file structure_22.pdb (PDB, C-alpha atoms and all ligand atoms)
ATOM      1  CA  MET Z1264     -17.652   2.502  16.257
ATOM      2  CA  ILE Z1265     -19.439   5.094  14.199
ATOM      3  CA  ILE Z1266     -19.868   4.250  10.522
ATOM      4  CA  PHE Z1267     -19.981   7.219   8.146
ATOM      5  CA  LYS Z1268     -21.052   6.798   4.555
ATOM      6  CA  LYS Z1269     -21.283  10.476   3.634
ATOM      7  CA  ALA Z1270     -18.094  12.508   3.280
ATOM      8  CA  GLN Z1271     -19.758  15.699   4.462
ATOM      9  CA  ASP Z1272     -21.054  14.093   7.688
ATOM     10  CA  LEU Z1273     -17.619  12.713   8.479
ATOM     11  CA  THR Z1274     -15.872  16.036   7.808
ATOM     12  CA  GLN Z1275     -18.315  17.834  10.077
ATOM     13  CA  TYR Z1276     -17.793  15.291  12.857
ATOM     14  CA  ILE Z1277     -14.000  15.474  12.510
ATOM     15  CA  GLU Z1278     -13.974  19.286  12.474
ATOM     16  CA  ASN Z1279     -15.827  19.289  15.810
ATOM     17  CA  GLN Z1280     -13.271  16.896  17.221
ATOM     18  CA  LEU Z1281     -10.358  18.974  15.878
ATOM     19  CA  ASN Z1282     -11.873  22.076  17.495
ATOM     20  CA  ASN Z1283     -11.771  20.153  20.770
ATOM     21  CA  GLY Z1284      -8.052  19.526  20.282
ATOM     22  CA  LYS Z1285      -8.363  15.869  19.358
ATOM     23  CA  LYS Z1286      -5.666  14.123  17.322
ATOM     24  CA  VAL Z1287      -6.837  12.137  14.332
ATOM     25  CA  GLY Z1288      -5.136   9.141  12.708
ATOM     26  CA  CYS Z1289      -6.250   7.792   9.340
ATOM     27  CA  ILE Z1290      -5.817   4.260   7.967
ATOM     28  CA  PRO Z1291      -6.902   4.029   4.326
ATOM     29  CA  THR Z1292      -7.692   0.484   3.144
ATOM     30  CA  MET Z1293      -9.511  -1.337   0.393
ATOM     31  CA  GLY Z1294     -11.125  -3.709   2.880
ATOM     32  CA  ALA Z1295     -10.987  -7.519   3.022
ATOM     33  CA  LEU Z1296      -9.228  -6.734   6.254
ATOM     34  CA  HIS Z1297      -6.491  -9.027   7.573
ATOM     35  CA  TYR Z1298      -4.331  -8.841  10.669
ATOM     36  CA  ALA Z1299      -1.861  -6.378   9.125
ATOM     37  CA  HIS Z1300      -4.664  -3.880   8.530
ATOM     38  CA  ILE Z1301      -5.812  -4.448  12.093
ATOM     39  CA  GLU Z1302      -2.304  -3.786  13.413
ATOM     40  CA  LEU Z1303      -2.250  -0.473  11.538
ATOM     41  CA  VAL Z1304      -5.590   0.465  13.089
ATOM     42  CA  LYS Z1305      -4.402  -0.543  16.571
ATOM     43  CA  GLN Z1306      -1.274   1.575  16.180
ATOM     44  CA  ALA Z1307      -3.385   4.534  15.048
ATOM     45  CA  MET Z1308      -5.669   4.020  18.054
ATOM     46  CA  THR Z1309      -2.759   4.174  20.526
ATOM     47  CA  GLU Z1310      -1.133   7.195  18.871
ATOM     48  CA  ASN Z1311      -4.250   9.351  18.336
ATOM     49  CA  ASP Z1312      -7.518  10.261  20.060
ATOM     50  CA  ILE Z1313      -9.535   9.121  17.062
ATOM     51  CA  ALA Z1314      -8.699   6.385  14.571
ATOM     52  CA  VAL Z1315     -10.519   6.634  11.246
ATOM     53  CA  CYS Z1316     -10.295   3.528   9.082
ATOM     54  CA  SER Z1317     -11.587   3.892   5.539
ATOM     55  CA  ILE Z1318     -12.697   1.047   3.307
ATOM     56  CA  PHE Z1319     -12.993   1.952  -0.329
ATOM     57  CA  VAL Z1320     -12.014  -0.142  -3.334
ATOM     58  CA  ASN Z1321     -10.776   2.726  -5.436
ATOM     59  CA  PRO Z1322     -11.781   2.112  -9.072
ATOM     60  CA  VAL Z1323      -9.401   4.710 -10.515
ATOM     61  CA  GLN Z1324      -6.271   2.945  -9.282
ATOM     62  CA  PHE Z1325      -7.052  -0.275 -11.150
ATOM     63  CA  ASN Z1326      -5.674  -0.388 -14.664
ATOM     64  CA  ASN Z1327      -7.246  -3.816 -15.153
ATOM     65  CA  ILE Z1328     -11.040  -4.126 -14.883
ATOM     66  CA  THR Z1329     -10.922  -7.876 -14.056
ATOM     67  CA  ASP Z1330      -8.537  -7.178 -11.201
ATOM     68  CA  PHE Z1331     -10.970  -4.553  -9.882
ATOM     69  CA  GLU Z1332     -13.963  -6.860 -10.229
ATOM     70  CA  LYS Z1333     -12.147  -9.755  -8.567
ATOM     71  CA  TYR Z1334     -10.915  -7.647  -5.647
ATOM     72  CA  PRO Z1335     -12.159  -9.429  -2.501
ATOM     73  CA  SER Z1336     -14.897  -7.855  -0.403
ATOM     74  CA  THR Z1337     -15.789  -8.997   3.129
ATOM     75  CA  ILE Z1338     -17.557  -5.929   4.532
ATOM     76  CA  ALA Z1339     -19.552  -7.658   7.304
ATOM     77  CA  ALA Z1340     -16.458  -9.407   8.656
ATOM     78  CA  ASP Z1341     -14.427  -6.177   8.305
ATOM     79  CA  ILE Z1342     -16.928  -4.252  10.419
ATOM     80  CA  LEU Z1343     -16.859  -6.988  13.073
ATOM     81  CA  GLN Z1344     -13.063  -6.973  13.242
ATOM     82  CA  LEU Z1345     -12.951  -3.193  13.597
ATOM     83  CA  GLU Z1346     -15.666  -3.223  16.249
ATOM     84  CA  ASN Z1347     -13.851  -5.941  18.180
ATOM     85  CA  ILE Z1348     -10.734  -3.828  18.580
ATOM     86  CA  GLY Z1349     -12.731  -0.663  19.324
ATOM     87  CA  CYS Z1350     -11.860   1.355  16.231
ATOM     88  CA  ASP Z1351     -13.519   4.781  16.571
ATOM     89  CA  ILE Z1352     -14.703   5.442  13.040
ATOM     90  CA  LEU Z1353     -15.194   3.555   9.809
ATOM     91  CA  PHE Z1354     -15.587   5.584   6.630
ATOM     92  CA  LEU Z1355     -17.425   3.458   4.075
ATOM     93  CA  PRO Z1356     -18.177   5.701   1.100
ATOM     94  CA  GLU Z1357     -19.754   5.021  -2.275
ATOM     95  CA  THR Z1358     -17.726   6.149  -5.294
ATOM     96  CA  ALA Z1359     -19.818   9.327  -5.676
ATOM     97  CA  GLU Z1360     -18.770  10.459  -2.172
ATOM     98  CA  ILE Z1361     -15.099  10.276  -3.081
ATOM     99  CA  TYR Z1362     -15.489  11.584  -6.612
ATOM    100  CA  PRO Z1363     -18.536  13.897  -6.549
ATOM    101  CA  ASP Z1364     -17.648  15.303  -9.993
ATOM    102  CA  GLY Z1365     -17.171  11.854 -11.525
ATOM    103  CA  THR Z1366     -13.944  10.220 -12.613
ATOM    104  CA  ALA Z1367     -13.839  11.286 -16.266
ATOM    105  CA  ASN Z1368     -11.491  14.241 -15.685
ATOM    106  CA  PRO Z1369      -8.892  13.168 -13.157
ATOM    107  CA  PRO Z1370      -6.426  15.679 -11.731
ATOM    108  CA  TYR Z1371      -2.773  15.182 -12.643
ATOM    109  CA  TYR Z1372      -0.196  14.781  -9.882
ATOM    110  CA  PRO Z1373       3.347  15.536 -11.111
ATOM    111  CA  ILE Z1374       5.047  12.858  -9.022
ATOM    112  CA  GLY Z1375       7.806  12.417 -11.611
ATOM    113  CA  TYR Z1376       9.990   9.346 -11.875
ATOM    114  CA  LEU Z1377       7.967   7.308  -9.359
ATOM    115  CA  ASP Z1378       4.932   7.387 -11.644
ATOM    116  CA  ASN Z1379       6.537   5.279 -14.363
ATOM    117  CA  THR Z1380       8.891   2.857 -12.683
ATOM    118  CA  LEU Z1381       8.286  -0.573 -11.093
ATOM    119  CA  GLU Z1382       4.556  -0.729 -10.192
ATOM    120  CA  GLY Z1383       4.003   2.430 -12.239
ATOM    121  CA  ALA Z1384       5.511   0.810 -15.331
ATOM    122  CA  HIS Z1385       3.450  -2.351 -14.944
ATOM    123  CA  ARG Z1386       0.203  -0.663 -13.899
ATOM    124  CA  PRO Z1387      -0.084   2.535 -15.974
ATOM    125  CA  GLY Z1388      -2.108   5.204 -14.192
ATOM    126  CA  HIS Z1389      -2.119   3.274 -10.918
ATOM    127  CA  PHE Z1390      -0.299   5.857  -8.835
ATOM    128  CA  GLN Z1391      -2.295   8.778 -10.247
ATOM    129  CA  GLY Z1392      -5.365   6.925  -8.947
ATOM    130  CA  VAL Z1393      -3.697   6.326  -5.587
ATOM    131  CA  CYS Z1394      -2.798  10.023  -5.296
ATOM    132  CA  TRP Z1395      -6.330  11.059  -6.147
ATOM    133  CA  VAL Z1396      -8.037   8.856  -3.573
ATOM    134  CA  VAL Z1397      -5.572   9.689  -0.793
ATOM    135  CA  ASP Z1398      -5.812  13.388  -1.647
ATOM    136  CA  ARG Z1399      -9.619  13.157  -1.280
ATOM    137  CA  LEU Z1400      -9.373  11.181   1.965
ATOM    138  CA  LEU Z1401      -7.009  13.783   3.412
ATOM    139  CA  GLN Z1402      -9.436  16.554   2.459
ATOM    140  CA  ILE Z1403     -12.365  14.693   4.024
ATOM    141  CA  ILE Z1404     -10.662  13.349   7.178
ATOM    142  CA  LYS Z1405      -7.960  15.999   7.814
ATOM    143  CA  PRO Z1406      -5.822  13.625   9.886
ATOM    144  CA  HIS Z1407      -2.645  14.492  11.803
ATOM    145  CA  LYS Z1408      -1.184  11.087  11.005
ATOM    146  CA  LEU Z1409      -1.564   8.792   8.014
ATOM    147  CA  TYR Z1410      -0.751   5.091   8.505
ATOM    148  CA  LEU Z1411       0.754   3.354   5.480
ATOM    149  CA  GLY Z1412       2.244  -0.116   5.147
ATOM    150  CA  LEU Z1413       5.761  -0.581   3.805
ATOM    151  CA  LYS Z1414       4.566  -3.686   1.958
ATOM    152  CA  ASP Z1415       3.558  -1.071  -0.618
ATOM    153  CA  TYR Z1416       6.931   0.676  -0.445
ATOM    154  CA  GLN Z1417       6.608   2.639  -3.687
ATOM    155  CA  GLN Z1418       3.097   3.716  -2.683
ATOM    156  CA  VAL Z1419       4.477   5.240   0.532
ATOM    157  CA  MET Z1420       7.007   7.227  -1.519
ATOM    158  CA  VAL Z1421       4.340   8.336  -4.000
ATOM    159  CA  ILE Z1422       1.983   9.520  -1.256
ATOM    160  CA  LYS Z1423       4.860  11.340   0.447
ATOM    161  CA  LYS Z1424       5.515  13.186  -2.825
ATOM    162  CA  MET Z1425       1.815  14.009  -3.284
ATOM    163  CA  ILE Z1426       1.669  15.374   0.269
ATOM    164  CA  GLN Z1427       4.700  17.587  -0.450
ATOM    165  CA  LEU Z1428       3.121  18.814  -3.698
ATOM    166  CA  LYS Z1429      -0.166  19.650  -1.988
ATOM    167  CA  LYS Z1430       1.609  21.061   1.096
ATOM    168  CA  TYR Z1431      -0.510  19.004   3.494
ATOM    169  CA  GLU Z1432       0.733  18.943   7.062
ATOM    170  CA  VAL Z1433      -0.163  15.326   7.740
ATOM    171  CA  GLN Z1434       2.609  13.080   9.038
ATOM    172  CA  ILE Z1435       3.159   9.736   7.335
ATOM    173  CA  ILE Z1436       3.630   6.823   9.741
ATOM    174  CA  PRO Z1437       5.236   3.960   7.795
ATOM    175  CA  VAL Z1438       4.447   0.529   9.252
ATOM    176  CA  ASN Z1439       6.697  -2.498   8.744
ATOM    177  CA  THR Z1440       5.447  -5.389   6.646
ATOM    178  CA  LEU Z1441       3.615  -8.055   8.605
ATOM    179  CA  ARG Z1442       4.057 -11.626   7.389
ATOM    180  CA  GLU Z1443       2.400 -14.992   7.790
ATOM    181  CA  ALA Z1444       4.338 -17.868   9.380
ATOM    182  CA  GLY Z1445       6.213 -18.876   6.183
ATOM    183  CA  GLY Z1446       7.062 -15.249   5.367
ATOM    184  CA  LEU Z1447       4.270 -14.477   2.901
ATOM    185  CA  ALA Z1448       3.330 -10.802   3.350
ATOM    186  CA  ALA Z1449      -0.256 -10.493   4.608
ATOM    187  CA  SER Z1450      -2.455  -9.250   1.758
ATOM    188  CA  SER Z1451      -6.153  -9.187   0.888
ATOM    189  CA  ARG Z1452      -5.216 -10.883  -2.367
ATOM    190  CA  ASN Z1453      -3.875 -13.942  -0.487
ATOM    191  CA  MET Z1454      -7.443 -15.110   0.086
ATOM    192  CA  ARG Z1455      -7.746 -15.720  -3.657
ATOM    193  CA  LEU Z1456      -4.938 -18.327  -3.491
ATOM    194  CA  SER Z1457      -5.596 -22.047  -3.004
ATOM    195  CA  THR Z1458      -4.158 -23.707   0.124
ATOM    196  CA  ASN Z1459      -1.268 -24.989  -1.975
ATOM    197  CA  GLY Z1460      -0.828 -21.619  -3.643
ATOM    198  CA  ARG Z1461      -0.600 -19.904  -0.296
ATOM    199  CA  GLN Z1462       2.185 -22.279   0.679
ATOM    200  CA  GLN Z1463       3.935 -21.812  -2.666
ATOM    201  CA  ALA Z1464       3.617 -18.016  -2.418
ATOM    202  CA  THR Z1465       6.237 -17.938   0.354
ATOM    203  CA  GLY Z1466       8.619 -18.212  -2.632
ATOM    204  CA  ILE Z1467       8.572 -14.421  -2.916
ATOM    205  CA  TYR Z1468       9.848 -13.988   0.638
ATOM    206  CA  GLU Z1469      12.439 -16.727   0.089
ATOM    207  CA  THR Z1470      13.639 -14.920  -3.043
ATOM    208  CA  LEU Z1471      13.969 -11.645  -1.134
ATOM    209  CA  LEU Z1472      16.063 -13.486   1.481
ATOM    210  CA  PHE Z1473      18.136 -14.999  -1.351
ATOM    211  CA  LEU Z1474      18.864 -11.485  -2.663
ATOM    212  CA  LYS Z1475      19.753 -10.258   0.813
ATOM    213  CA  LYS Z1476      22.130 -13.165   1.317
ATOM    214  CA  HIS Z1477      23.901 -12.853  -2.025
ATOM    215  CA  ILE Z1478      24.114  -9.092  -2.534
ATOM    216  CA  LYS Z1479      27.709  -7.968  -2.973
ATOM    217  CA  PRO Z1480      29.435  -4.905  -4.447
ATOM    218  CA  GLY Z1481      29.564  -4.861  -8.247
ATOM    219  CA  GLU Z1482      27.102  -5.571 -11.055
ATOM    220  CA  LEU Z1483      23.514  -6.392  -9.990
ATOM    221  CA  LYS Z1484      22.003  -7.787 -13.176
ATOM    222  CA  GLU Z1485      23.130 -11.383 -12.713
ATOM    223  CA  LEU Z1486      21.753 -11.558  -9.178
ATOM    224  CA  GLU Z1487      18.411 -10.154 -10.371
ATOM    225  CA  GLN Z1488      18.330 -12.727 -13.168
ATOM    226  CA  GLN Z1489      19.017 -15.522 -10.680
ATOM    227  CA  ALA Z1490      16.109 -14.295  -8.570
ATOM    228  CA  VAL Z1491      13.794 -14.274 -11.609
ATOM    229  CA  ALA Z1492      14.899 -17.846 -12.416
ATOM    230  CA  LEU Z1493      14.263 -18.913  -8.814
ATOM    231  CA  LEU Z1494      10.743 -17.466  -8.852
ATOM    232  CA  THR Z1495       9.993 -19.004 -12.244
ATOM    233  CA  LEU Z1496      11.152 -22.388 -10.923
ATOM    234  CA  LYS Z1497       8.789 -21.939  -7.974
ATOM    235  CA  GLY Z1498       5.888 -21.518 -10.423
ATOM    236  CA  PHE Z1499       5.552 -17.706 -10.531
ATOM    237  CA  LYS Z1500       4.945 -15.539 -13.563
ATOM    238  CA  VAL Z1501       7.377 -12.726 -12.844
ATOM    239  CA  ASP Z1502       6.570  -9.065 -13.585
ATOM    240  CA  TYR Z1503       9.828  -7.769 -12.155
ATOM    241  CA  VAL Z1504      12.610  -8.318  -9.681
ATOM    242  CA  GLU Z1505      14.512  -5.092  -9.173
ATOM    243  CA  ILE Z1506      17.185  -3.937  -6.801
ATOM    244  CA  ALA Z1507      16.625  -0.243  -6.164
ATOM    245  CA  ASP Z1508      18.189   2.637  -4.300
ATOM    246  CA  GLU Z1509      16.083   2.706  -1.152
ATOM    247  CA  ALA Z1510      15.907   6.521  -1.000
ATOM    248  CA  THR Z1511      14.935   7.220  -4.618
ATOM    249  CA  LEU Z1512      13.824   3.888  -6.123
ATOM    250  CA  THR Z1513      16.184   4.480  -9.047
ATOM    251  CA  LEU Z1514      17.638   1.242 -10.387
ATOM    252  CA  PRO Z1515      21.439   1.186 -10.196
ATOM    253  CA  GLU Z1516      23.363  -1.208 -12.433
ATOM    254  CA  SER Z1517      25.950  -1.848  -9.773
ATOM    255  CA  TRP Z1518      26.400  -1.494  -6.020
ATOM    256  CA  ASP Z1519      29.172   0.503  -4.381
ATOM    257  CA  GLY Z1520      28.885  -1.497  -1.162
ATOM    258  CA  LYS Z1521      27.556   1.548   0.697
ATOM    259  CA  LYS Z1522      24.217   2.713  -0.652
ATOM    260  CA  LYS Z1523      21.107   1.303   1.021
ATOM    261  CA  LEU Z1524      19.346  -1.014  -1.395
ATOM    262  CA  ARG Z1525      15.841  -2.459  -1.411
ATOM    263  CA  ALA Z1526      14.698  -5.390  -3.530
ATOM    264  CA  LEU Z1527      11.180  -5.220  -4.952
ATOM    265  CA  ILE Z1528       9.254  -8.078  -6.518
ATOM    266  CA  ALA Z1529       5.947  -8.370  -8.374
ATOM    267  CA  ALA Z1530       4.913 -11.831  -9.484
ATOM    268  CA  SER Z1531       1.719 -13.806 -10.089
ATOM    269  CA  LEU Z1532       0.665 -17.209  -8.874
ATOM    270  CA  GLU Z1533      -2.671 -18.798  -9.779
ATOM    271  CA  ASP Z1534      -3.447 -15.510 -11.580
ATOM    272  CA  VAL Z1535      -3.105 -13.573  -8.318
ATOM    273  CA  ARG Z1536      -0.599 -10.722  -8.552
ATOM    274  CA  LEU Z1537       1.501 -10.321  -5.416
ATOM    275  CA  ILE Z1538       4.066  -7.680  -4.477
ATOM    276  CA  ASP Z1539       6.663  -7.567  -1.731
ATOM    277  CA  ASN Z1540       9.952  -5.868  -0.905
ATOM    278  CA  MET Z1541      12.797  -5.952   1.568
ATOM    279  CA  GLN Z1542      15.795  -3.855   2.523
ATOM    280  CA  ILE Z1543      18.707  -6.063   1.474
ATOM    281  CA  THR Z1544      21.681  -4.069   2.758
ATOM    282  CA  GLU Z1545      22.434  -2.772   6.242
TER     283      GLU Z1545
HETATM  284  P1  LIG Z1601      -4.816  -2.228   1.091
HETATM  285  O1  LIG Z1601      -6.143  -2.535   1.694
HETATM  286  O2  LIG Z1601      -4.144  -3.410   0.474
HETATM  287  O3  LIG Z1601      -4.857  -1.032   0.193
HETATM  288  O4  LIG Z1601      -3.878  -1.837   2.302
HETATM  289  C1  LIG Z1601      -4.203  -0.813   3.203
HETATM  290  C2  LIG Z1601      -2.977  -0.428   3.969
HETATM  291  O5  LIG Z1601      -2.503  -1.553   4.702
HETATM  292  C3  LIG Z1601      -1.835   0.022   3.048
HETATM  293  O6  LIG Z1601      -1.160   1.118   3.642
HETATM  294  C4  LIG Z1601      -0.974  -1.204   2.986
HETATM  295  O7  LIG Z1601       0.385  -0.926   2.707
HETATM  296  C5  LIG Z1601      -1.136  -1.752   4.390
HETATM  297  N1  LIG Z1601      -0.792  -3.170   4.399
HETATM  298  C6  LIG Z1601      -1.354  -4.138   3.631
HETATM  299  N2  LIG Z1601      -0.736  -5.318   3.871
HETATM  300  C7  LIG Z1601       0.223  -5.082   4.789
HETATM  301  C8  LIG Z1601       1.210  -5.894   5.448
HETATM  302  N3  LIG Z1601       1.323  -7.188   5.184
HETATM  303  N4  LIG Z1601       2.027  -5.306   6.341
HETATM  304  C9  LIG Z1601       1.909  -3.975   6.610
HETATM  305  N5  LIG Z1601       1.014  -3.165   6.033
HETATM  306  C10 LIG Z1601       0.183  -3.705   5.146
END

call {"tool": "encode", "arguments": {"input": "structure_22.pdb", "output": "structure tokens"}}
result
Amino acid sequence: MIIFKKAQDLTQYIENQLNNGKKVGCIPTMGALHYAHIELVKQAMTENDIAVCSIFVNPVQFNNITDFEKYPSTIAADILQLENIGCDILFLPETAEIYPDGTANPPYYPIGYLDNTLEGAHRPGHFQGVCWVVDRLLQIIKPHKLYLGLKDYQQVMVIKKMIQLKKYEVQIIPVNTLREAGGLAASSRNMRLSTNGRQQATGIYETLLFLKKHIKPGELKELEQQAVALLTLKGFKVDYVEIADEATLTLPESWDGKKKLRALIAASLEDVRLIDNMQITE
């Protein structure tokens, strides 16, 4: 595996490869790699000539400085894991490589409704920061395919919108959520939970299954409230439980029995904020 720290060096390397007709897949991450990240990298390796994994804890997507400072970092172990599976390239930039002009004057991405709902409502500015870093990574790496996990469902929609706005030709490859044995979605943040907390955190998955089991045509509010109560009983501090139109992420008040719906949850346990989602209708 080649490790690049300088954006310019990586771009030059990639451009040579592109000139030789190679296909490039990109897997952006914030490190503290777990098996879901590794699955994304493996998929990119099988579907492209070159898999470029990036590790960069993007400061501009954190609206909470403590959250940024507490974000886990396991660089040595990450490099080992990537080497073990034979990943081609790791991009490991400093902040100045991603934002050479600083971060004081961020660009604005008109991503509309998605910016201010669900995660956007609870983490103001978060998705602008996500757009900015992915925009930069696409400029630096110029991949054919971009691998994104559906655990961050809204993020996939936001990046899709940004790609449309910027008219990039990259293809998004959405990857299904990978879960631990009890159903907890794999996440770097899980390593901040105690052993008990990790067990308890399966409550989010159980609540998603509860919503899937009980969804029926008509008003949705009561079911959402029941889910909030369930999570609260399981010890979570709930940010939101929402049932959304899967295609637009708008929040209908009732279900016609036809539209595809997705439930999205954000809740904290032991001061660790976790998110998850699930399609709850066929
Ligand atoms: P992160 O390092 O958390 O920013 O994640 C990097 C990429 O891995 C994102 O596209 C995530 O959606 C994806 N990812 C993280 N956890 C999972 C998971 N449990 N299943 C599938 N994809 C995931």

call {"tool": "closest_residue", "arguments": {"input": "structure_22.pdb", "among": "Z:Asn1347, Z:Ser1450, Z:Gln1417, Z:Thr1337", "to": "ligand LIG 1601 (chain Z)", "atoms": "all atoms listed in the file"}}
result
Z:Ser1450

call {"tool": "residues_near_ligand", "arguments": {"input": "structure_22.pdb", "ligand": "ligand LIG 1601 (chain Z)", "cutoff": "6 Å", "atoms": "only C-alpha atoms and all ligand atoms", "output": "PyMOL selection string"}}
result
chain Z and resi 1291-1294+1299-1300+1411-1415+1438-1442+1448-1450

call {"tool": "atom_distance", "arguments": {"input": "structure_22.pdb", "atom1": "CA of Ala1464 in chain Z", "atom2": "CA of Glu1485 in chain Z"}}
result
23.0 Å

call {"tool": "residues_around", "arguments": {"input": "structure_22.pdb", "residues": "range 1405-1409 of chain Z", "least_positions_apart": "4", "cutoff": "7 Å", "atoms": "only C-alpha atoms", "output": "ChimeraX atom specification"}}
result
/Z:1286-1290,1401,1433-1436

call {"tool": "resolve_selection", "arguments": {"input": "structure_22.pdb", "expression": "the PyMOL selection byres (((chain Z and resi 1544) around 10) and not hetatm)", "output": "ChimeraX atom specification"}}
result
/Z:1474-1476,1478-1479,1509,1520-1526,1541-1543,1545

call {"tool": "build_atoms", "arguments": {"input": "structure_22.pdb", "residues": "range 1361-1376 of chain Z", "atoms": "N, CA and C atoms", "output": "PDB file, in the coordinates of the input"}}
result
ATOM      1  N   ILE Z1361     -16.533   9.978  -2.901  1.00  0.00           N
ATOM      2  CA  ILE Z1361     -15.099  10.276  -3.081  1.00  0.00           C
ATOM      3  C   ILE Z1361     -14.892  11.156  -4.312  1.00  0.00           C
ATOM      4  N   TYR Z1362     -15.643  10.830  -5.364  1.00  0.00           N
ATOM      5  CA  TYR Z1362     -15.489  11.584  -6.612  1.00  0.00           C
ATOM      6  C   TYR Z1362     -16.818  12.235  -6.987  1.00  0.00           C
ATOM      7  N   PRO Z1363     -17.225  13.290  -6.302  1.00  0.00           N
ATOM      8  CA  PRO Z1363     -18.536  13.897  -6.549  1.00  0.00           C
ATOM      9  C   PRO Z1363     -18.683  14.438  -7.974  1.00  0.00           C
ATOM     10  N   ASP Z1364     -17.565  14.789  -8.615  1.00  0.00           N
ATOM     11  CA  ASP Z1364     -17.648  15.303  -9.993  1.00  0.00           C
ATOM     12  C   ASP Z1364     -17.391  14.213 -11.029  1.00  0.00           C
ATOM     13  N   GLY Z1365     -17.432  12.963 -10.606  1.00  0.00           N
ATOM     14  CA  GLY Z1365     -17.171  11.854 -11.525  1.00  0.00           C
ATOM     15  C   GLY Z1365     -15.678  11.591 -11.668  1.00  0.00           C
ATOM     16  N   THR Z1366     -15.356  10.601 -12.483  1.00  0.00           N
ATOM     17  CA  THR Z1366     -13.944  10.220 -12.613  1.00  0.00           C
ATOM     18  C   THR Z1366     -13.405  10.446 -14.035  1.00  0.00           C
ATOM     19  N   ALA Z1367     -14.228  11.126 -14.851  1.00  0.00           N
ATOM     20  CA  ALA Z1367     -13.839  11.286 -16.266  1.00  0.00           C
ATOM     21  C   ALA Z1367     -12.663  12.262 -16.436  1.00  0.00           C
ATOM     22  N   ASN Z1368     -12.565  13.244 -15.551  1.00  0.00           N
ATOM     23  CA  ASN Z1368     -11.491  14.241 -15.685  1.00  0.00           C
ATOM     24  C   ASN Z1368     -10.591  14.254 -14.456  1.00  0.00           C
ATOM     25  N   PRO Z1369      -9.730  13.258 -14.366  1.00  0.00           N
ATOM     26  CA  PRO Z1369      -8.892  13.168 -13.157  1.00  0.00           C
ATOM     27  C   PRO Z1369      -7.868  14.291 -13.080  1.00  0.00           C
ATOM     28  N   PRO Z1370      -7.520  14.715 -11.862  1.00  0.00           N
ATOM     29  CA  PRO Z1370      -6.426  15.679 -11.731  1.00  0.00           C
ATOM     30  C   PRO Z1370      -5.111  14.986 -12.069  1.00  0.00           C
ATOM     31  N   TYR Z1371      -4.096  15.776 -12.389  1.00  0.00           N
ATOM     32  CA  TYR Z1371      -2.773  15.182 -12.643  1.00  0.00           C
ATOM     33  C   TYR Z1371      -1.826  15.554 -11.509  1.00  0.00           C
ATOM     34  N   TYR Z1372      -1.166  14.559 -10.958  1.00  0.00           N
ATOM     35  CA  TYR Z1372      -0.196  14.781  -9.882  1.00  0.00           C
ATOM     36  C   TYR Z1372       1.210  14.592 -10.456  1.00  0.00           C
ATOM     37  N   PRO Z1373       2.001  15.666 -10.523  1.00  0.00           N
ATOM     38  CA  PRO Z1373       3.347  15.536 -11.111  1.00  0.00           C
ATOM     39  C   PRO Z1373       4.327  14.883 -10.141  1.00  0.00           C
ATOM     40  N   ILE Z1374       4.209  13.562  -9.997  1.00  0.00           N
ATOM     41  CA  ILE Z1374       5.047  12.858  -9.022  1.00  0.00           C
ATOM     42  C   ILE Z1374       6.342  12.346  -9.643  1.00  0.00           C
ATOM     43  N   GLY Z1375       6.515  12.651 -10.951  1.00  0.00           N
ATOM     44  CA  GLY Z1375       7.806  12.417 -11.611  1.00  0.00           C
ATOM     45  C   GLY Z1375       8.136  10.948 -11.808  1.00  0.00           C
ATOM     46  N   TYR Z1376       9.402  10.661 -11.594  1.00  0.00           N
ATOM     47  CA  TYR Z1376       9.990   9.346 -11.875  1.00  0.00           C
ATOM     48  C   TYR Z1376       9.174   8.192 -11.277  1.00  0.00           C
TER      49      TYR Z1376
END
